[in-house]
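Trainee: Take this structure, written in structure tokens, and hold onto it; I'll ask about it next.
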2 protein chains.
Amino acid sequence: MQSLLFFLCKVSYERGDILKTKIASLRKKHKLTQEELALAVGVTRQTITSLECEKYTASLVLAYKIAQYFGLSIEEVFDFSEVEEL
Amino acid sequence: MQSLLFFLCKVSYERGDILKTKIASLRKKHKLTQEELALAVGVTRQTITSLECEKYTASLVLAYKIAQYFGLSIEEVFDFSEVEEL
DNA sequence: ATAAAATGTCAAGTATACTTTGCACGGAAT
DNA sequence: ATTCCGTGCAAAGTATACTTGACATTTTAT
């Protein structure tokens, strides 16, 4: 039986400056658990959860490691479209 | 008379995990002061100094803004070659 | 029906990114 | 020689990124 509910993230409206990411969908496409991805890029599972639920924005180095793990560029994994124009 | 000395950064050997950047050379190529670049990307001059002297690594959003200012990708401005392989 | 695996969350702590202010020094111009 | 500009630095403070450990709910497997 298919699941009726997904794991849901509690959305925080305190900060509007957190980058949207494709981490969750990329991870599922590669059939990985958060734990496995965390191990692969050298952080804890909670950090992956936080990034997927957009609690904060990854550091530059972590962003690179995640992108590289999926064979993509940083710009392909994180959505910069809402960064204030220069 | 040509200058004999450049502005020099005191190198800290405490951390070996700070990304090398092309910010200083790009800024000079564009004939900008640190102050002007700082204003353009929305940080203080001291932050630009710190990044150029590699005191710490920029955040993902700041890295994006700097790269975009120069019309480059993040990967073209920051050197990820020494990031631990996955 | 039960157990195990996967995910989300919270609190407290450490580490890193960035700000603010102020000072020192070299180079350029007058 | 004096002044101004650009740069490097330091200390203290705030904000954000990440860790650790523990717990609740959902999903998957038995």
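Letters A, B, ... mark the chains of the structure tokens in the order given; residue numbers begin at 1 per chain; ligand numbers begin at 1, in order shown.
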Report as a list in words all protein, DNA and RNA residues lying within 10 Å of A:Glu84, evaluated on only C-alpha atoms (C1' of nucleotides), omitting residues in the same chain fewer than 6 positions from it.

Mentor: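 Using only C-alpha atoms (C1' of nucleotides), the neighbours found are Asp17 of chain A; Val41, Gly42, Val61 and Lys65 of chain B.
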
Trainee: Please, could you write that set of residues out with N, CA and C atoms as a PDB file, in the first residue's frame?

Mentor:
ATOM      1  N   ASP A  17      15.500  34.250   3.888  1.00  0.00           N
ATOM      2  CA  ASP A  17      16.738  34.333   3.113  1.00  0.00           C
ATOM      3  C   ASP A  17      17.410  32.985   2.937  1.00  0.00           C
TER       4      ASP A  17
ATOM      5  N   VAL B  41      28.328  44.109  -3.274  1.00  0.00           N
ATOM      6  CA  VAL B  41      27.786  42.807  -2.896  1.00  0.00           C
ATOM      7  C   VAL B  41      27.155  42.816  -1.510  1.00  0.00           C
ATOM      8  N   GLY B  42      27.106  44.000  -0.882  1.00  0.00           N
ATOM      9  CA  GLY B  42      26.346  44.128   0.364  1.00  0.00           C
ATOM     10  C   GLY B  42      27.027  43.641   1.621  1.00  0.00           C
ATOM     11  N   VAL B  61      25.792  32.292  -0.095  1.00  0.00           N
ATOM     12  CA  VAL B  61      25.108  33.416  -0.728  1.00  0.00           C
ATOM     13  C   VAL B  61      26.096  34.511  -1.129  1.00  0.00           C
ATOM     14  N   LYS B  65      26.990  35.992  -4.845  1.00  0.00           N
ATOM     15  CA  LYS B  65      26.899  37.407  -5.213  1.00  0.00           C
ATOM     16  C   LYS B  65      28.202  37.912  -5.835  1.00  0.00           C
TER      17      LYS B  65
END

Trainee: If DSSP is run on the backbone, what residues of chain A are strand (DSSP E or B)? A reply as a PDB file with N, CA, C and O atoms, in the first residue's frame would be ideal.

Mentor:
ATOM      1  N   LYS A  20      16.511  27.736  -1.394  1.00  0.00           N
ATOM      2  CA  LYS A  20      15.787  26.512  -1.715  1.00  0.00           C
ATOM      3  C   LYS A  20      16.783  25.545  -2.339  1.00  0.00           C
ATOM      4  O   LYS A  20      17.709  25.961  -3.036  1.00  0.00           O
ATOM      5  N   THR A  21      16.596  24.265  -2.072  1.00  0.00           N
ATOM      6  CA  THR A  21      17.530  23.275  -2.604  1.00  0.00           C
ATOM      7  C   THR A  21      16.794  22.102  -3.232  1.00  0.00           C
ATOM      8  O   THR A  21      15.629  21.862  -2.943  1.00  0.00           O
ATOM      9  N   SER A  59      26.930  25.753   4.079  1.00  0.00           N
ATOM     10  CA  SER A  59      28.182  26.479   3.856  1.00  0.00           C
ATOM     11  C   SER A  59      28.641  26.219   2.425  1.00  0.00           C
ATOM     12  O   SER A  59      28.168  25.292   1.760  1.00  0.00           O
ATOM     13  N   PHE A  78      21.346  24.395  -5.755  1.00  0.00           N
ATOM     14  CA  PHE A  78      20.745  25.452  -4.940  1.00  0.00           C
ATOM     15  C   PHE A  78      20.109  26.500  -5.838  1.00  0.00           C
ATOM     16  O   PHE A  78      20.621  26.800  -6.917  1.00  0.00           O
ATOM     17  N   ASP A  79      18.998  27.042  -5.374  1.00  0.00           N
ATOM     18  CA  ASP A  79      18.232  27.999  -6.171  1.00  0.00           C
ATOM     19  C   ASP A  79      18.553  29.423  -5.715  1.00  0.00           C
ATOM     20  O   ASP A  79      18.107  29.859  -4.656  1.00  0.00           O
TER      21      ASP A  79
END

Trainee: Sorted by chain and rising residue number, which residues of chain D lie within 8 Å of chain B, and what are their closest atom pairs and distances in Å to one decimal, counting only C-alpha atoms (C1' of nucleotides), as a tab-separated table?

Mentor:
residue	atom	partner	partner_atom	distance
D:DG6	C1'	B:Thr33	CA	7.3
D:DT7	C1'	B:Phe7	CA	6.4
D:DG8	C1'	B:Cys9	CA	6.6

Trainee: Could you turn the residues from that selection into a file that holds N, CA, C and O atoms (P, O5', C5', C4', C3', O3' and C1' of nucleotides), as a tab-separated table (two decimals), in the first residue's frame?

Mentor:
chain	number	residue	atom	x	y	z
D	6	DG	P	40.42	55.09	-2.47
D	6	DG	O5'	41.24	53.75	-2.18
D	6	DG	C5'	42.44	53.50	-2.89
D	6	DG	C4'	43.20	52.40	-2.20
D	6	DG	C3'	42.33	51.21	-1.77
D	6	DG	O3'	42.87	50.03	-2.34
D	6	DG	C1'	43.69	51.97	0.03
D	7	DT	P	42.20	48.63	-2.11
D	7	DT	O5'	43.00	48.05	-0.85
D	7	DT	C5'	44.42	47.92	-0.94
D	7	DT	C4'	44.99	47.54	0.41
D	7	DT	C3'	44.37	46.30	1.07
D	7	DT	O3'	45.35	45.29	1.15
D	7	DT	C1'	44.72	48.07	2.62
D	8	DG	P	44.99	43.87	1.75
D	8	DG	O5'	45.44	44.00	3.29
D	8	DG	C5'	46.82	43.99	3.59
D	8	DG	C4'	47.03	43.93	5.09
D	8	DG	C3'	46.30	42.78	5.78
D	8	DG	O3'	47.21	42.14	6.66
D	8	DG	C1'	45.70	44.84	6.78

Trainee: Based on DSSP run over this structure's backbone, return all residues of chain B in helix (DSSP H, G or I), as a PyMOL selection string.

Mentor: chain B and resi 23-29+34-41+45-52+60-69+74-77

Trainee: When the cut-off is 12 Å and we count only C-alpha atoms, which residues of chain B are near chain A, given as JSON, numbers by chain?

Mentor: {"B": [17, 18, 19, 20, 37, 38, 39, 40, 41, 42, 43, 56, 57, 58, 59, 60, 61, 62, 63, 64, 65, 66, 67, 68, 69, 70, 71, 72, 73, 74, 75, 76, 77, 78, 79, 80, 81, 82, 83, 84, 85, 86]}

Trainee: With only C-alpha atoms (C1' of nucleotides) as the counted atoms, please give the residues lying no more than 12 Å from D:DA12, apart from itself and same-chain residues fewer than 4 positions off, as an MDAnalysis selection string.

Mentor: chainID C and resid 19:21

Trainee: Output all heavy atoms for every residue in that selection, as a short mmCIF file (atom, residue, chain, number, x, y, z; two decimals), in the first residue's frame.

Mentor:
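This is the output file result.cif:
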data_model
loop_
_atom_site.label_atom_id
_atom_site.label_comp_id
_atom_site.auth_asym_id
_atom_site.auth_seq_id
_atom_site.Cartn_x
_atom_site.Cartn_y
_atom_site.Cartn_z
P DT C 19 29.22 41.93 6.80
OP1 DT C 19 28.18 42.63 6.03
OP2 DT C 19 30.64 41.99 6.37
"O5'" DT C 19 29.14 42.45 8.31
"C5'" DT C 19 27.94 42.28 9.05
"C4'" DT C 19 27.97 43.13 10.31
"O4'" DT C 19 28.90 42.58 11.26
"C3'" DT C 19 28.39 44.59 10.09
"O3'" DT C 19 27.51 45.43 10.85
"C2'" DT C 19 29.82 44.65 10.62
"C1'" DT C 19 29.81 43.57 11.69
N1 DT C 19 31.12 42.88 11.89
C2 DT C 19 31.69 42.84 13.14
O2 DT C 19 31.19 43.37 14.11
N3 DT C 19 32.87 42.16 13.22
C4 DT C 19 33.54 41.52 12.19
O4 DT C 19 34.60 40.94 12.39
C5 DT C 19 32.90 41.60 10.90
C7 DT C 19 33.53 40.95 9.72
C6 DT C 19 31.73 42.27 10.81
P DT C 20 27.48 46.98 10.59
OP1 DT C 20 26.09 47.40 10.88
OP2 DT C 20 28.10 47.28 9.29
"O5'" DT C 20 28.43 47.57 11.74
"C5'" DT C 20 28.18 47.23 13.09
"C4'" DT C 20 29.27 47.76 13.99
"O4'" DT C 20 30.37 46.82 13.99
"C3'" DT C 20 29.86 49.11 13.55
"O3'" DT C 20 29.65 50.04 14.61
"C2'" DT C 20 31.35 48.84 13.32
"C1'" DT C 20 31.57 47.55 14.08
N1 DT C 20 32.64 46.65 13.54
C2 DT C 20 33.47 46.01 14.42
O2 DT C 20 33.41 46.14 15.63
N3 DT C 20 34.41 45.20 13.83
C4 DT C 20 34.58 44.98 12.47
O4 DT C 20 35.45 44.23 12.07
C5 DT C 20 33.66 45.69 11.61
C7 DT C 20 33.76 45.52 10.12
C6 DT C 20 32.73 46.48 12.17
P DT C 21 29.98 51.62 14.38
OP1 DT C 21 29.01 52.35 15.21
OP2 DT C 21 30.10 51.92 12.93
"O5'" DT C 21 31.43 51.74 15.04
"C5'" DT C 21 31.69 51.12 16.29
"C4'" DT C 21 33.17 51.18 16.60
"O4'" DT C 21 33.84 50.06 16.00
"C3'" DT C 21 33.88 52.45 16.10
"O3'" DT C 21 34.52 53.09 17.18
"C2'" DT C 21 34.88 51.92 15.07
"C1'" DT C 21 35.12 50.50 15.57
N1 DT C 21 35.61 49.56 14.55
C2 DT C 21 36.53 48.59 14.92
O2 DT C 21 36.95 48.47 16.05
N3 DT C 21 36.94 47.78 13.90
C4 DT C 21 36.54 47.82 12.59
O4 DT C 21 36.99 47.02 11.76
C5 DT C 21 35.57 48.84 12.26
C7 DT C 21 35.08 48.98 10.87
C6 DT C 21 35.16 49.65 13.25
#

Trainee: In Å, with one decimal, what is the gap from atom CA of A:Glu14 to atom CA of A:Lys55?

Mentor: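 Pair atom CA of A:Glu14 / atom CA of A:Lys55 returns 9.8 Å.
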
Trainee: Restrict the calculation to only C-alpha atoms (C1' of nucleotides), then for each residue of chain C with any atom at most 12 Å from an atom of chain B give the closest atom pair and their distance in Å to one decimal, rows by chain and rising residue number, as a Markdown table.

Mentor:
| residue | atom | partner | partner_atom | distance |
| --- | --- | --- | --- | --- |
| C:DA15 | C1' | B:Tyr56 | CA | 11.8 |
| C:DT16 | C1' | B:Tyr56 | CA | 7.9 |
| C:DA17 | C1' | B:Ser59 | CA | 6.8 |
| C:DC18 | C1' | B:Thr47 | CA | 6.7 |
| C:DT19 | C1' | B:Thr44 | CA | 7.5 |
| C:DT20 | C1' | B:Thr44 | CA | 9.6 |
| C:DT21 | C1' | B:Gln46 | CA | 11.4 |
| C:DC25 | C1' | B:Phe7 | CA | 9.9 |
| C:DG26 | C1' | B:Phe7 | CA | 8.1 |
| C:DG27 | C1' | B:Ser3 | CA | 7.3 |
| C:DA28 | C1' | B:Ser3 | CA | 10.1 |

Trainee: Need to verify the contact set: D:DT28, 10 Å, only C-alpha atoms (C1' of nucleotides), exclusion of same-chain residues closer than 2 positions in sequence. Can you return it as a list in words?

Mentor: Ser3 of chain A; DA4, DA5 and DA6 of chain C; DT26 and DT30 of chain D

Trainee: Can you list, as a PyMOL selection string, every protein, DNA or RNA residue that comes within 12 Å of C:DT30 when you count only C-alpha atoms (C1' of nucleotides), leaving out same-chain residues fewer than 2 positions away?

Mentor: (chain C and resi 28) or (chain D and resi 1-4)

Trainee: Write the residues of the preceding selection, restricted to C-alpha atoms (C1' of nucleotides), as a PDB file, in the first residue's frame.

Mentor:
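Result file is result.pdb:
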ATOM      1  C1'  DA C  28      50.260  58.595  -4.395  1.00  0.00           C
TER       2       DA C  28
ATOM      3  C1'  DA D   1      56.577  67.345   4.327  1.00  0.00           C
ATOM      4  C1'  DT D   2      51.804  66.800   4.657  1.00  0.00           C
ATOM      5  C1'  DT D   3      47.540  64.826   3.401  1.00  0.00           C
ATOM      6  C1'  DC D   4      44.591  61.379   1.566  1.00  0.00           C
TER       7       DC D   4
END

Trainee: Just the number, please: distance in Å from atom CA of B:Ile48 to atom C1' of D:DT16, one decimal.

Mentor: 18.2 Å

Trainee: If we count only C-alpha atoms (C1' of nucleotides) and set the cut-off at 12 Å, which residues sit around C:DC10, ignoring sequence neighbours fewer than 3 positions away in its own chain? Please answer as a ChimeraX atom specification.

Mentor: /A:46 /D:21-24
